[in-house]
$ cat target-v7.cif   # mmCIF, C-alpha atoms and all ligand atoms
data_query
#
loop_
_atom_site.label_atom_id
_atom_site.label_comp_id
_atom_site.auth_asym_id
_atom_site.auth_seq_id
_atom_site.Cartn_x
_atom_site.Cartn_y
_atom_site.Cartn_z
CA MET R 1 -0.70 -17.93 -23.39
CA GLU R 2 2.17 -20.14 -22.29
CA LYS R 3 2.10 -21.12 -18.65
CA THR R 4 5.10 -21.25 -16.37
CA PRO R 5 5.59 -23.96 -13.73
CA PHE R 6 4.32 -21.38 -11.22
CA TYR R 7 0.93 -20.99 -12.87
CA GLU R 8 -1.06 -23.37 -10.71
CA GLN R 9 0.74 -22.44 -7.53
CA VAL R 10 0.07 -18.72 -7.74
CA ARG R 11 -3.48 -19.28 -8.97
CA ASP R 12 -4.38 -21.72 -6.21
CA ARG R 13 -2.68 -19.65 -3.56
CA LEU R 14 -4.46 -16.44 -4.51
CA ILE R 15 -7.81 -18.25 -4.52
CA ARG R 16 -7.10 -19.87 -1.17
CA TYR R 17 -6.01 -16.59 0.47
CA ALA R 18 -8.79 -14.54 -1.13
CA LYS R 19 -11.41 -16.78 0.52
CA VAL R 20 -10.15 -15.72 3.94
CA ASP R 21 -11.82 -12.46 4.93
CA THR R 22 -9.10 -10.16 6.28
CA GLN R 23 -10.74 -6.77 5.96
CA SER R 24 -9.19 -4.19 8.28
CA ALA R 25 -11.15 -1.39 9.96
CA ARG R 26 -10.60 2.37 10.04
CA VAL R 27 -12.15 2.68 13.48
CA SER R 28 -11.05 0.08 15.98
CA SER R 29 -9.71 -0.21 19.50
CA THR R 30 -7.83 -3.46 18.89
CA VAL R 31 -4.46 -4.50 17.47
CA PRO R 32 -4.74 -5.54 14.71
CA THR R 33 -7.85 -3.53 13.82
CA THR R 34 -9.75 -6.76 13.09
CA MET R 35 -9.02 -10.15 14.62
CA LYS R 36 -9.93 -12.01 11.42
CA GLN R 37 -6.57 -11.03 9.96
CA PHE R 38 -5.17 -13.75 12.23
CA ASP R 39 -7.05 -16.32 10.12
CA LEU R 40 -4.76 -15.69 7.19
CA ALA R 41 -1.70 -15.32 9.43
CA TYR R 42 -2.27 -18.84 10.82
CA LEU R 43 -2.90 -20.26 7.36
CA LEU R 44 0.36 -18.77 6.07
CA LEU R 45 2.17 -19.91 9.21
CA ASP R 46 1.12 -23.50 8.51
CA GLU R 47 2.11 -23.27 4.86
CA LEU R 48 5.51 -21.78 5.67
CA ARG R 49 6.19 -24.51 8.23
CA ALA R 50 5.04 -27.21 5.81
CA MET R 51 7.34 -25.98 3.05
CA GLY R 52 10.28 -25.90 5.44
CA ALA R 53 10.87 -22.16 5.90
CA SER R 54 13.01 -21.21 8.90
CA ASP R 55 12.26 -19.07 11.94
CA VAL R 56 8.55 -19.07 11.23
CA TRP R 57 7.03 -17.01 14.02
CA LEU R 58 3.75 -15.22 14.52
CA ASP R 59 3.56 -12.29 16.89
CA GLU R 60 0.28 -13.25 18.48
CA GLU R 61 -0.22 -9.80 19.95
CA LYS R 62 0.47 -7.71 16.87
CA CYS R 63 -0.40 -10.17 14.08
CA VAL R 64 2.91 -9.87 12.27
CA LEU R 65 4.16 -13.11 10.71
CA TYR R 66 7.88 -13.66 10.15
CA ALA R 67 9.84 -16.30 8.25
CA ALA R 68 13.33 -16.66 6.84
CA LEU R 69 15.19 -18.49 4.11
CA PRO R 70 18.72 -18.78 5.47
CA SER R 71 21.67 -18.29 3.16
CA THR R 72 22.86 -21.31 1.20
CA LEU R 73 25.97 -19.48 0.01
CA PRO R 74 29.48 -19.55 1.50
CA VAL R 75 30.04 -17.10 4.36
CA GLY R 76 30.65 -13.57 3.14
CA GLN R 77 28.66 -14.03 -0.03
CA GLY R 78 25.09 -12.92 -0.68
CA ARG R 79 23.50 -9.79 0.66
CA ALA R 80 20.44 -10.16 2.88
CA PHE R 81 17.17 -8.59 1.82
CA GLY R 82 13.54 -8.84 2.83
CA LEU R 83 10.05 -8.88 1.35
CA VAL R 84 7.07 -7.33 3.11
CA THR R 85 3.46 -7.94 2.09
CA HIS R 86 0.22 -7.10 3.84
CA MET R 87 -2.51 -9.51 4.84
CA ASP R 88 -5.46 -7.16 5.25
CA THR R 89 -7.87 -5.94 2.60
CA ALA R 90 -9.40 -2.49 2.24
CA PRO R 91 -12.44 -1.42 4.30
CA ASP R 92 -13.92 0.18 1.14
CA ALA R 93 -15.56 -3.04 -0.06
CA SER R 94 -16.55 -6.23 1.71
CA GLY R 95 -14.19 -9.18 1.75
CA ALA R 96 -16.66 -11.55 3.39
CA GLY R 97 -17.77 -14.54 1.37
CA CYS R 98 -15.37 -13.83 -1.49
CA ARG R 99 -15.91 -16.36 -4.30
CA PRO R 100 -12.93 -16.09 -6.63
CA TRP R 101 -13.08 -17.81 -10.00
CA VAL R 102 -10.86 -18.07 -13.06
CA LEU R 103 -11.70 -16.88 -16.57
CA GLU R 104 -9.38 -18.57 -19.05
CA GLY R 105 -8.23 -16.76 -22.17
CA TYR R 106 -9.93 -13.38 -21.82
CA ASP R 107 -11.36 -12.44 -25.24
CA GLY R 108 -11.66 -8.67 -24.81
CA GLY R 109 -15.42 -8.68 -24.30
CA ASP R 110 -17.72 -8.06 -21.34
CA ILE R 111 -17.22 -10.40 -18.39
CA LEU R 112 -20.30 -11.71 -16.63
CA LEU R 113 -19.25 -11.75 -13.00
CA ASN R 114 -22.58 -12.69 -11.52
CA GLU R 115 -25.39 -14.12 -13.58
CA GLU R 116 -27.96 -14.04 -10.79
CA LYS R 117 -27.36 -10.37 -9.98
CA GLY R 118 -26.55 -9.36 -13.55
CA ILE R 119 -23.15 -7.92 -12.65
CA VAL R 120 -20.94 -7.35 -15.68
CA MET R 121 -17.44 -5.95 -15.99
CA SER R 122 -16.88 -4.25 -19.30
CA PRO R 123 -13.68 -2.99 -20.95
CA ARG R 124 -15.67 0.15 -21.79
CA GLU R 125 -15.64 1.03 -18.11
CA PHE R 126 -12.36 -0.69 -17.31
CA PRO R 127 -10.15 -0.30 -20.40
CA ASN R 128 -7.21 -1.75 -18.44
CA LEU R 129 -8.80 -5.16 -19.16
CA LEU R 130 -7.58 -4.88 -22.75
CA HIS R 131 -3.98 -5.19 -21.54
CA TYR R 132 -4.75 -8.79 -20.68
CA LEU R 133 -6.10 -10.28 -23.90
CA ASN R 134 -5.81 -14.09 -23.99
CA GLU R 135 -4.73 -14.12 -20.36
CA ASP R 136 -6.33 -16.01 -17.48
CA LEU R 137 -7.90 -13.75 -14.87
CA VAL R 138 -8.87 -14.38 -11.26
CA LEU R 139 -12.14 -12.53 -10.73
CA THR R 140 -14.81 -11.93 -8.09
CA ASP R 141 -18.52 -12.65 -8.25
CA GLY R 142 -19.11 -8.90 -8.31
CA THR R 143 -20.25 -8.66 -4.69
CA THR R 144 -16.95 -8.47 -2.79
CA LEU R 145 -13.45 -7.29 -3.46
CA LEU R 146 -10.92 -9.95 -4.43
CA GLY R 147 -8.15 -8.94 -2.07
CA GLY R 148 -5.51 -9.41 -4.73
CA ASP R 149 -4.28 -6.29 -2.97
CA ASP R 150 -2.15 -7.65 -1.46
CA LYS R 151 -2.76 -11.40 -1.67
CA ALA R 152 -1.47 -11.54 -5.26
CA ALA R 153 1.85 -10.45 -3.75
CA ILE R 154 1.61 -12.99 -0.92
CA ALA R 155 0.95 -15.70 -3.53
CA ALA R 156 4.08 -14.67 -5.45
CA VAL R 157 6.28 -14.49 -2.36
CA MET R 158 5.10 -17.85 -1.02
CA THR R 159 5.63 -19.48 -4.41
CA MET R 160 9.13 -18.02 -4.64
CA ALA R 161 9.93 -19.29 -1.13
CA GLU R 162 8.71 -22.80 -1.86
CA HIS R 163 10.60 -22.87 -5.16
CA LEU R 164 13.87 -21.90 -3.46
CA ILE R 165 13.40 -24.49 -0.72
CA ARG R 166 12.62 -27.22 -3.27
CA HIS R 167 15.61 -26.27 -5.41
CA PRO R 168 18.65 -26.08 -3.15
CA GLU R 169 20.82 -25.80 -6.26
CA LEU R 170 19.48 -22.23 -6.62
CA GLN R 171 21.85 -20.79 -4.08
CA HIS R 172 20.89 -17.57 -2.39
CA GLY R 173 21.76 -15.19 0.43
CA PRO R 174 19.59 -14.62 3.51
CA ILE R 175 15.98 -13.73 2.71
CA ALA R 176 13.60 -12.34 5.34
CA LEU R 177 9.83 -12.46 4.94
CA ALA R 178 7.20 -10.50 6.84
CA PHE R 179 3.43 -10.46 6.50
CA THR R 180 1.83 -7.47 8.18
CA PRO R 181 -1.70 -6.36 9.16
CA ASP R 182 -3.60 -3.12 8.67
CA GLU R 183 -1.76 -1.59 5.71
CA GLU R 184 -5.05 -0.33 4.27
CA VAL R 185 -5.86 1.67 7.37
CA GLY R 186 -2.56 3.46 7.79
CA GLY R 187 -0.82 0.78 9.83
CA LEU R 188 2.52 1.66 8.18
CA ALA R 189 3.97 -1.68 9.36
CA ARG R 190 4.31 -0.03 12.75
CA ASP R 191 4.63 -3.32 14.61
CA LEU R 192 7.19 -4.91 12.33
CA ASP R 193 10.09 -5.74 14.64
CA LEU R 194 13.13 -4.79 12.55
CA GLU R 195 15.50 -6.76 14.74
CA ARG R 196 13.54 -9.95 14.36
CA PHE R 197 13.07 -9.30 10.65
CA GLY R 198 16.84 -9.21 10.34
CA ALA R 199 17.39 -7.91 6.80
CA LYS R 200 18.67 -4.36 6.54
CA VAL R 201 16.93 -3.59 3.25
CA ALA R 202 13.59 -4.77 1.88
CA TYR R 203 10.86 -4.35 -0.69
CA THR R 204 7.14 -4.18 -0.25
CA LEU R 205 5.11 -5.83 -3.02
CA ASP R 206 1.97 -3.83 -3.45
CA GLY R 207 0.28 -1.81 -6.17
CA ASP R 208 -1.20 -2.29 -9.62
CA TYR R 209 0.47 -2.35 -13.07
CA LEU R 210 2.89 -5.22 -13.57
CA GLY R 211 6.51 -4.14 -13.83
CA TYR R 212 6.09 -0.87 -11.97
CA TYR R 213 8.11 0.05 -8.95
CA GLU R 214 8.10 3.00 -6.59
CA ASP R 215 10.99 4.64 -4.84
CA GLU R 216 9.27 7.93 -4.24
CA THR R 217 6.18 8.70 -2.18
CA PHE R 218 4.55 11.80 -0.76
CA ASN R 219 5.59 13.53 2.41
CA ALA R 220 2.42 13.61 4.45
CA SER R 221 0.96 15.28 7.48
CA HIS R 222 -2.41 15.97 9.01
CA ALA R 223 -3.49 19.37 10.35
CA THR R 224 -6.33 20.00 12.75
CA ALA R 225 -7.47 23.58 13.42
CA VAL R 226 -9.93 24.14 16.25
CA PHE R 227 -11.87 27.40 16.48
CA ARG R 228 -13.62 28.62 19.64
CA GLY R 229 -16.50 31.05 19.41
CA ARG R 230 -18.93 32.75 21.77
CA SER R 231 -22.63 32.18 21.25
CA VAL R 232 -25.28 34.68 22.33
CA HIS R 233 -28.80 35.44 21.13
CA THR R 234 -28.52 36.63 17.54
CA GLY R 235 -30.91 39.51 18.24
CA THR R 236 -28.52 41.10 20.67
CA ALA R 237 -25.29 39.74 19.25
CA LYS R 238 -23.70 42.86 17.85
CA GLY R 239 -20.14 43.23 19.06
CA ILE R 240 -20.45 40.17 21.33
CA LEU R 241 -21.04 37.03 19.28
CA VAL R 242 -18.00 35.25 17.87
CA ASN R 243 -18.89 32.57 15.33
CA ALA R 244 -16.53 29.60 15.23
CA ALA R 245 -18.24 28.32 12.05
CA ASP R 246 -17.42 31.61 10.31
CA MET R 247 -13.79 31.34 11.38
CA ALA R 248 -13.58 27.76 10.08
CA ALA R 249 -15.08 28.80 6.75
CA GLU R 250 -12.67 31.73 6.53
CA PHE R 251 -9.72 29.46 7.25
CA ALA R 252 -10.84 27.02 4.54
CA SER R 253 -11.33 29.87 2.07
CA LEU R 254 -7.71 30.98 2.56
CA LEU R 255 -6.33 27.67 1.24
CA PRO R 256 -4.82 27.96 -2.26
CA PRO R 257 -7.86 27.18 -4.43
CA MET R 258 -6.11 25.16 -7.12
CA GLU R 259 -3.76 23.18 -4.87
CA LYS R 260 -6.25 20.44 -4.19
CA PRO R 261 -6.23 16.74 -5.15
CA GLN R 262 -8.92 17.29 -7.79
CA PHE R 263 -6.70 19.83 -9.60
CA THR R 264 -3.25 18.26 -9.24
CA GLU R 265 -1.31 15.33 -10.66
CA GLY R 266 2.21 13.99 -11.10
CA ARG R 267 4.59 15.67 -8.70
CA GLU R 268 2.21 18.47 -7.70
CA GLY R 269 1.40 18.55 -4.01
CA PHE R 270 -1.82 19.65 -2.40
CA PHE R 271 -3.93 20.54 0.61
CA HIS R 272 -7.00 18.39 1.04
CA LEU R 273 -9.81 19.55 3.26
CA SER R 274 -11.06 16.27 4.66
CA SER R 275 -13.64 17.55 7.13
CA ILE R 276 -15.27 20.64 8.62
CA LYS R 277 -17.44 20.25 11.67
CA ALA R 278 -18.74 23.61 12.63
CA GLY R 279 -21.06 25.24 15.16
CA VAL R 280 -21.10 28.70 16.68
CA GLU R 281 -19.29 27.69 19.87
CA GLN R 282 -16.77 25.36 18.32
CA ALA R 283 -15.55 24.33 14.89
CA GLN R 284 -12.90 21.98 13.63
CA VAL R 285 -11.18 21.85 10.26
CA ASP R 286 -9.15 18.78 9.30
CA LEU R 287 -6.89 18.72 6.33
CA ILE R 288 -4.09 16.64 4.94
CA ILE R 289 -0.94 18.08 3.41
CA ARG R 290 1.00 16.24 0.69
CA ASP R 291 4.08 16.92 -1.39
CA HIS R 292 6.94 14.85 -2.82
CA ASP R 293 9.48 17.62 -2.32
CA ALA R 294 10.58 17.97 1.31
CA GLU R 295 11.25 21.71 1.04
CA VAL R 296 7.97 22.49 -0.67
CA PHE R 297 6.26 20.27 1.88
CA ALA R 298 7.81 22.27 4.73
CA ARG R 299 6.59 25.48 3.05
CA ARG R 300 3.10 23.99 2.80
CA GLU R 301 3.07 23.22 6.52
CA GLN R 302 4.33 26.73 7.21
CA LEU R 303 1.52 28.23 5.12
CA ILE R 304 -1.03 26.43 7.32
CA ARG R 305 0.71 27.77 10.44
CA ASP R 306 0.69 31.28 8.92
CA LEU R 307 -3.03 31.08 8.14
CA ALA R 308 -3.77 30.01 11.71
CA ALA R 309 -1.60 32.87 12.98
CA GLN R 310 -3.43 35.31 10.71
CA LEU R 311 -6.77 34.31 12.24
CA GLN R 312 -5.30 34.39 15.74
CA ALA R 313 -4.17 37.97 15.09
CA LYS R 314 -7.65 38.86 13.90
CA TYR R 315 -9.80 37.09 16.51
CA GLY R 316 -7.47 36.50 19.45
CA PRO R 317 -4.89 33.80 20.04
CA GLU R 318 -7.21 31.85 22.35
CA ARG R 319 -9.75 31.37 19.54
CA VAL R 320 -7.57 29.35 17.17
CA GLU R 321 -5.58 26.25 17.96
CA LEU R 322 -3.55 24.37 15.37
CA ALA R 323 -1.87 20.96 15.52
CA ILE R 324 0.11 19.44 12.68
CA THR R 325 0.92 15.72 12.97
CA PRO R 326 3.38 13.98 10.64
CA THR R 327 1.97 10.89 8.89
CA TYR R 328 4.82 9.57 6.74
CA ARG R 329 7.72 10.89 4.73
CA ASN R 330 8.98 10.41 1.20
CA MET R 331 11.05 7.22 1.10
CA LYS R 332 13.28 8.59 -1.65
CA GLU R 333 15.76 10.43 0.55
CA VAL R 334 16.46 7.10 2.31
CA VAL R 335 16.21 4.72 -0.66
CA ASP R 336 18.56 6.90 -2.74
CA GLN R 337 21.34 6.09 -0.28
CA TYR R 338 21.15 2.44 -1.35
CA PRO R 339 21.30 2.65 -5.16
CA PHE R 340 21.64 -1.15 -5.53
CA LEU R 341 18.05 -1.51 -4.29
CA ILE R 342 16.61 0.08 -7.42
CA GLU R 343 19.39 -1.13 -9.74
CA ASN R 344 18.76 -4.75 -8.76
CA LEU R 345 15.01 -4.29 -8.99
CA LYS R 346 15.15 -2.75 -12.47
CA GLN R 347 17.49 -5.47 -13.62
CA ALA R 348 15.25 -8.20 -12.22
CA ILE R 349 12.19 -6.70 -13.94
CA THR R 350 14.12 -6.48 -17.22
CA LEU R 351 15.36 -10.07 -16.91
CA ALA R 352 11.74 -11.15 -16.53
CA GLY R 353 11.10 -9.66 -19.96
CA LEU R 354 9.33 -6.51 -18.80
CA THR R 355 10.15 -2.83 -18.99
CA PRO R 356 10.70 -1.36 -15.53
CA ARG R 357 8.58 1.73 -15.03
CA SER R 358 8.23 4.07 -12.13
CA VAL R 359 6.07 7.01 -11.18
CA ALA R 360 6.26 9.31 -8.19
CA PHE R 361 3.59 7.64 -6.10
CA ARG R 362 0.82 9.97 -4.97
CA GLY R 363 0.42 8.36 -1.61
CA GLY R 364 2.42 6.55 1.01
CA THR R 365 3.35 2.93 1.48
CA ASP R 366 4.37 0.89 4.50
CA GLY R 367 7.82 1.26 2.95
CA SER R 368 7.68 5.05 3.38
CA ALA R 369 7.46 4.58 7.11
CA LEU R 370 9.85 1.61 7.20
CA SER R 371 12.46 3.55 5.21
CA HIS R 372 12.44 6.30 7.80
CA ARG R 373 12.59 3.75 10.61
CA GLY R 374 15.85 2.51 9.13
CA LEU R 375 14.70 -0.21 6.72
CA PRO R 376 15.02 1.23 3.21
CA CYS R 377 12.05 -0.28 1.42
CA PRO R 378 10.96 0.59 -2.12
CA ASN R 379 7.88 -1.02 -3.64
CA LEU R 380 7.39 -3.48 -6.46
CA SER R 381 3.94 -3.70 -7.99
CA ALA R 382 1.89 -6.78 -7.10
CA GLY R 383 0.07 -6.71 -10.45
CA TYR R 384 -3.56 -6.55 -9.30
CA GLU R 385 -6.15 -4.31 -11.00
CA ASN R 386 -9.18 -2.30 -9.79
CA ALA R 387 -8.18 -2.79 -6.15
CA HIS R 388 -10.46 -1.89 -3.23
CA GLY R 389 -13.62 -2.70 -5.15
CA ARG R 390 -15.94 -5.37 -6.48
CA PHE R 391 -14.34 -5.29 -9.93
CA GLU R 392 -10.91 -6.19 -8.68
CA TYR R 393 -9.08 -8.87 -10.66
CA VAL R 394 -5.63 -10.38 -10.98
CA PRO R 395 -4.11 -11.70 -14.22
CA ILE R 396 -2.42 -14.98 -13.32
CA ARG R 397 0.49 -14.17 -15.61
CA SER R 398 1.21 -11.05 -13.55
CA MET R 399 1.75 -13.21 -10.47
CA GLU R 400 3.89 -15.67 -12.45
CA LYS R 401 5.97 -12.73 -13.68
CA ASN R 402 6.38 -11.46 -10.15
CA VAL R 403 7.71 -14.86 -9.05
CA GLU R 404 10.21 -14.62 -11.91
CA ILE R 405 11.18 -11.08 -10.90
CA LEU R 406 11.67 -12.20 -7.31
CA LEU R 407 13.85 -15.15 -8.34
CA HIS R 408 16.04 -12.83 -10.43
CA LEU R 409 16.21 -10.45 -7.50
CA VAL R 410 17.27 -13.32 -5.23
CA ARG R 411 20.05 -14.22 -7.65
CA LEU R 412 21.26 -10.61 -7.97
CA PHE R 413 21.42 -10.20 -4.20
CA GLY R 414 23.19 -13.54 -4.00
CA GLU R 415 25.91 -12.20 -6.26
CA MET R 416 26.59 -9.30 -3.90
CA GLU R 417 28.92 -9.34 -0.94
CA ALA R 418 27.27 -10.05 2.38
ZN ZN R 501 -2.08 -2.92 -0.73
#
$ encode --input "target-v7.cif" --output "structure tokens"
Amino acid sequence: MEKTPFYEQVRDRLIRYAKVDTQSARVSSTVPTTMKQFDLAYLLLDELRAMGASDVWLDEEKCVLYAALPSTLPVGQGRAFGLVTHMDTAPDASGAGCRPWVLEGYDGGDILLNEEKGIVMSPREFPNLLHYLNEDLVLTDGTTLLGGDDKAAIAAVMTMAEHLIRHPELQHGPIALAFTPDEEVGGLARDLDLERFGAKVAYTLDGDYLGYYEDETFNASHATAVFRGRSVHTGTAKGILVNAADMAAEFASLLPPMEKPQFTEGREGFFHLSSIKAGVEQAQVDLIIRDHDAEVFARREQLIRDLAAQLQAKYGPERVELAITPTYRNMKEVVDQYPFLIENLKQAITLAGLTPRSVAFRGGTDGSALSHRGLPCPNLSAGYENAHGRFEYVPIRSMEKNVEILLHLVRLFGEMEA
């Protein structure tokens, strides 16, 4: 496979970043959720300074790293845009002691990740491998994740930035960069200071499948129903005992049986019962609600309120308490107001020789939250595979392609009015 001038840069960068353990934590009392995310932030800070990026600044309280590539075009020309990537890796698999290595020219067979432990990755289990015949893959030793999610994206963005700085003849408009913590644990880029970031539109780079983009995510909320019972001796309980566990089970049984993640796909929404903790005195049911369509989503939330009301009517209003908390909203209603965001992205993907593809994402991204905070922010795939696990890998060509896509994007934004 022919290599681009970016080959070594993206390869070496991914390997360098992957060796820094930046695993975030679901339960934490600190910001960011783990302090080791600063290790990568400082490394990137040094690299950005060394390459000559502008306004390089690390928020040492929140662990958000900022940098800028100021416009090299005449005033009035070139529209500003930003790129947002995340520094943390998923809590689902360890990121400590990651030992990335490169397999050159994948032949379609089994890959021995770890001789000592006998860990093999086979295309029988991971047929996606067969998309990358003859390509060079960055792999793990089978004991940690790779963290290509999202460090493959960071490698592409950093390589693009250095390329633009080294080649002043490639004129461009203002480009804002941000590197954020805690994406994997629902951070939603909460601490990204939009004023400091500067650009009014942006893209996240995250996700598998090279050439994919997302402009549509779920609407999401979390519901907690608490049930209060009255415990007495079961021998003399008739007419007196109220069982909170029974109420919780009844509530769960009233949920539409087929509208669950295990029975839905595509643009079908769902209710997902994530936990029931139940005793006689008190019980708690937690569930998440998801739907792409805002109206259907509102009806789903209303159904949960109606079910709670139904049990209140049956057992007494004091026995059932419901709270619904919004998590994030579908970015589409915001992104659709800026059609050039997706037009430019599709064009850039096409110019890089790929077919742009999109699916309604069955989840949320930092961009879902950012879009509703006023920074419209669709997502471009980072090109990693098998994320969040020990069999994660990144085809080097996917990162090279993403650098190409980004450079086309830079040019397209440069051709727009400021
Ligand atoms: Zn990610």
$ residues_near_ligand --input "target-v7.cif" --ligand "ligand ZN 501 (chain R)" --cutoff "10 Å" --atoms "all atoms listed in the file" --output "PyMOL selection string"
chain R and resi 85-90+147-153+182-184+204-208+365-366+381-382+384+387-388
$ closest_residue --input "target-v7.cif" --among "R:Leu112, R:Leu145, R:Ala313, R:Ala156" --to "Arg99 in chain R" --atoms "all atoms listed in the file"
R:Leu145
$ residues_around --input "target-v7.cif" --residues "Pro181 in chain R" --least-positions-apart "6" --cutoff "8 Å" --atoms "all atoms listed in the file" --output "PyMOL selection string"
chain R and resi 24+32+37+63-64+86-88+187+189
$ atom_distance --input "target-v7.cif" --atom1 "CA of Gly105 in chain R" --atom2 "CA of Val120 in chain R"
17.1 Å
$ closest_residue --input "target-v7.cif" --among "R:Ser122, R:Asn219, R:Ser371, R:Ser94" --to "Val335 in chain R" --atoms "all atoms listed in the file"
R:Ser371
$ closest_atom_pairs --input "target-v7.cif" --of "range 111-204 of chain R" --to "range 70-82 of chain R" --cutoff "6 Å" --atoms "only C-alpha atoms" --output "tab-separated table"
residue	atom	partner	partner_atom	distance
R:Gln171	CA	R:Thr72	CA	5.4
R:His172	CA	R:Thr72	CA	5.5
R:Gly173	CA	R:Ser71	CA	4.1
R:Pro174	CA	R:Ser71	CA	4.2
R:Ile175	CA	R:Phe81	CA	5.4
R:Ala176	CA	R:Gly82	CA	4.3
R:Leu177	CA	R:Gly82	CA	5.6
R:Ala199	CA	R:Phe81	CA	5.0
R:Val201	CA	R:Phe81	CA	5.2
R:Ala202	CA	R:Gly82	CA	4.2
$ write_last_selection --input "target-v7.cif" --atoms "C-alpha atoms" --output "CSV table (one decimal), in the frame of the given file"
chain,number,residue,atom,x,y,z
R,171,GLN,CA,21.8,-20.8,-4.1
R,172,HIS,CA,20.9,-17.6,-2.4
R,173,GLY,CA,21.8,-15.2,0.4
R,174,PRO,CA,19.6,-14.6,3.5
R,175,ILE,CA,16.0,-13.7,2.7
R,176,ALA,CA,13.6,-12.3,5.3
R,177,LEU,CA,9.8,-12.5,4.9
R,199,ALA,CA,17.4,-7.9,6.8
R,201,VAL,CA,16.9,-3.6,3.2
R,202,ALA,CA,13.6,-4.8,1.9
$ closest_residue --input "target-v7.cif" --among "R:Gly211, R:Ser54, R:Ala298, R:Tyr328" --to "Thr355 in chain R" --atoms "only C-alpha atoms"
R:Gly211
$ residues_around --input "target-v7.cif" --residues "range 301-303 of chain R" --least-positions-apart "3" --cutoff "8 Å" --atoms "all atoms listed in the file" --output "list in words"
Ile289, Phe297, Ala298, Asp306, Leu307 and Ile324 of chain R
$ residues_around --input "target-v7.cif" --residues "Gly142 in chain R" --least-positions-apart "4" --cutoff "9 Å" --atoms "only C-alpha atoms" --output "NGL selection string"
:R and (112-114 or 117 or 119-121 or 389-392)
$ residues_around --input "target-v7.cif" --residues "Leu407 in chain R" --least-positions-apart "6" --cutoff "10 Å" --atoms "only C-alpha atoms" --output "NGL selection string"
:R and (157 or 160-161 or 163-164 or 170 or 172 or 348 or 352 or 401 or 413)
$ closest_residue --input "target-v7.cif" --among "R:Val394, R:Leu354, R:Ala283, R:Met416" --to "Asn128 in chain R" --atoms "all atoms listed in the file"
R:Val394
$ closest_residue --input "target-v7.cif" --among "R:Tyr106, R:Tyr66, R:Phe270, R:Phe38" --to "Glu195 in chain R" --atoms "all atoms listed in the file"
R:Tyr66
$ atom_distance --input "target-v7.cif" --atom1 "CA of Leu69 in chain R" --atom2 "CA of Ala53 in chain R"
5.9 Å
$ atom_distance --input "target-v7.cif" --atom1 "CA of Met51 in chain R" --atom2 "CA of Glu162 in chain R"
6.0 Å
$ residues_around --input "target-v7.cif" --residues "Gly229 in chain R" --least-positions-apart "3" --cutoff "6 Å" --atoms "all atoms listed in the file" --output "list in words"
Val242, Asn243, Ala244, Val280, Glu281 and Gln282 of chain R
$ closest_residue --input "target-v7.cif" --among "R:Thr159, R:Thr144, R:Gln347, R:Asn134" --to "Pro5 in chain R" --atoms "all atoms listed in the file"
R:Thr159
$ closest_atom_pairs --input "target-v7.cif" --of "range 348-415 of chain R" --to "range 249-269 of chain R" --cutoff "10 Å" --atoms "only C-alpha atoms" --output "tab-separated table"
residue	atom	partner	partner_atom	distance
R:Val359	CA	R:Gly266	CA	8.0
R:Ala360	CA	R:Arg267	CA	6.6
R:Phe361	CA	R:Gly266	CA	8.2
R:Arg362	CA	R:Gly266	CA	7.5
$ build_atoms --input "target-v7.cif" --residues "range 64-70 of chain R" --atoms "N, CA, C and O atoms" --output "PDB file, keeping the file's coordinate frame"
ATOM      1  N   VAL R  64       1.870  -9.958  13.306  1.00  0.00           N
ATOM      2  CA  VAL R  64       2.910  -9.870  12.270  1.00  0.00           C
ATOM      3  C   VAL R  64       3.547 -11.249  12.163  1.00  0.00           C
ATOM      4  O   VAL R  64       3.944 -11.830  13.183  1.00  0.00           O
ATOM      5  N   LEU R  65       3.609 -11.772  10.944  1.00  0.00           N
ATOM      6  CA  LEU R  65       4.160 -13.110  10.710  1.00  0.00           C
ATOM      7  C   LEU R  65       5.543 -12.970  10.080  1.00  0.00           C
ATOM      8  O   LEU R  65       5.718 -12.200   9.128  1.00  0.00           O
ATOM      9  N   TYR R  66       6.495 -13.724  10.633  1.00  0.00           N
ATOM     10  CA  TYR R  66       7.880 -13.660  10.150  1.00  0.00           C
ATOM     11  C   TYR R  66       8.308 -15.044   9.649  1.00  0.00           C
ATOM     12  O   TYR R  66       7.867 -16.069  10.188  1.00  0.00           O
ATOM     13  N   ALA R  67       9.198 -15.054   8.663  1.00  0.00           N
ATOM     14  CA  ALA R  67       9.840 -16.300   8.250  1.00  0.00           C
ATOM     15  C   ALA R  67      11.163 -15.934   7.587  1.00  0.00           C
ATOM     16  O   ALA R  67      11.387 -14.773   7.218  1.00  0.00           O
ATOM     17  N   ALA R  68      12.022 -16.928   7.438  1.00  0.00           N
ATOM     18  CA  ALA R  68      13.330 -16.660   6.840  1.00  0.00           C
ATOM     19  C   ALA R  68      13.742 -17.815   5.944  1.00  0.00           C
ATOM     20  O   ALA R  68      13.344 -18.961   6.149  1.00  0.00           O
ATOM     21  N   LEU R  69      14.523 -17.483   4.924  1.00  0.00           N
ATOM     22  CA  LEU R  69      15.190 -18.490   4.110  1.00  0.00           C
ATOM     23  C   LEU R  69      16.682 -18.232   4.314  1.00  0.00           C
ATOM     24  O   LEU R  69      17.230 -17.292   3.741  1.00  0.00           O
ATOM     25  N   PRO R  70      17.311 -19.053   5.148  1.00  0.00           N
ATOM     26  CA  PRO R  70      18.720 -18.780   5.470  1.00  0.00           C
ATOM     27  C   PRO R  70      19.610 -18.941   4.245  1.00  0.00           C
ATOM     28  O   PRO R  70      19.274 -19.670   3.307  1.00  0.00           O
TER      29      PRO R  70
END
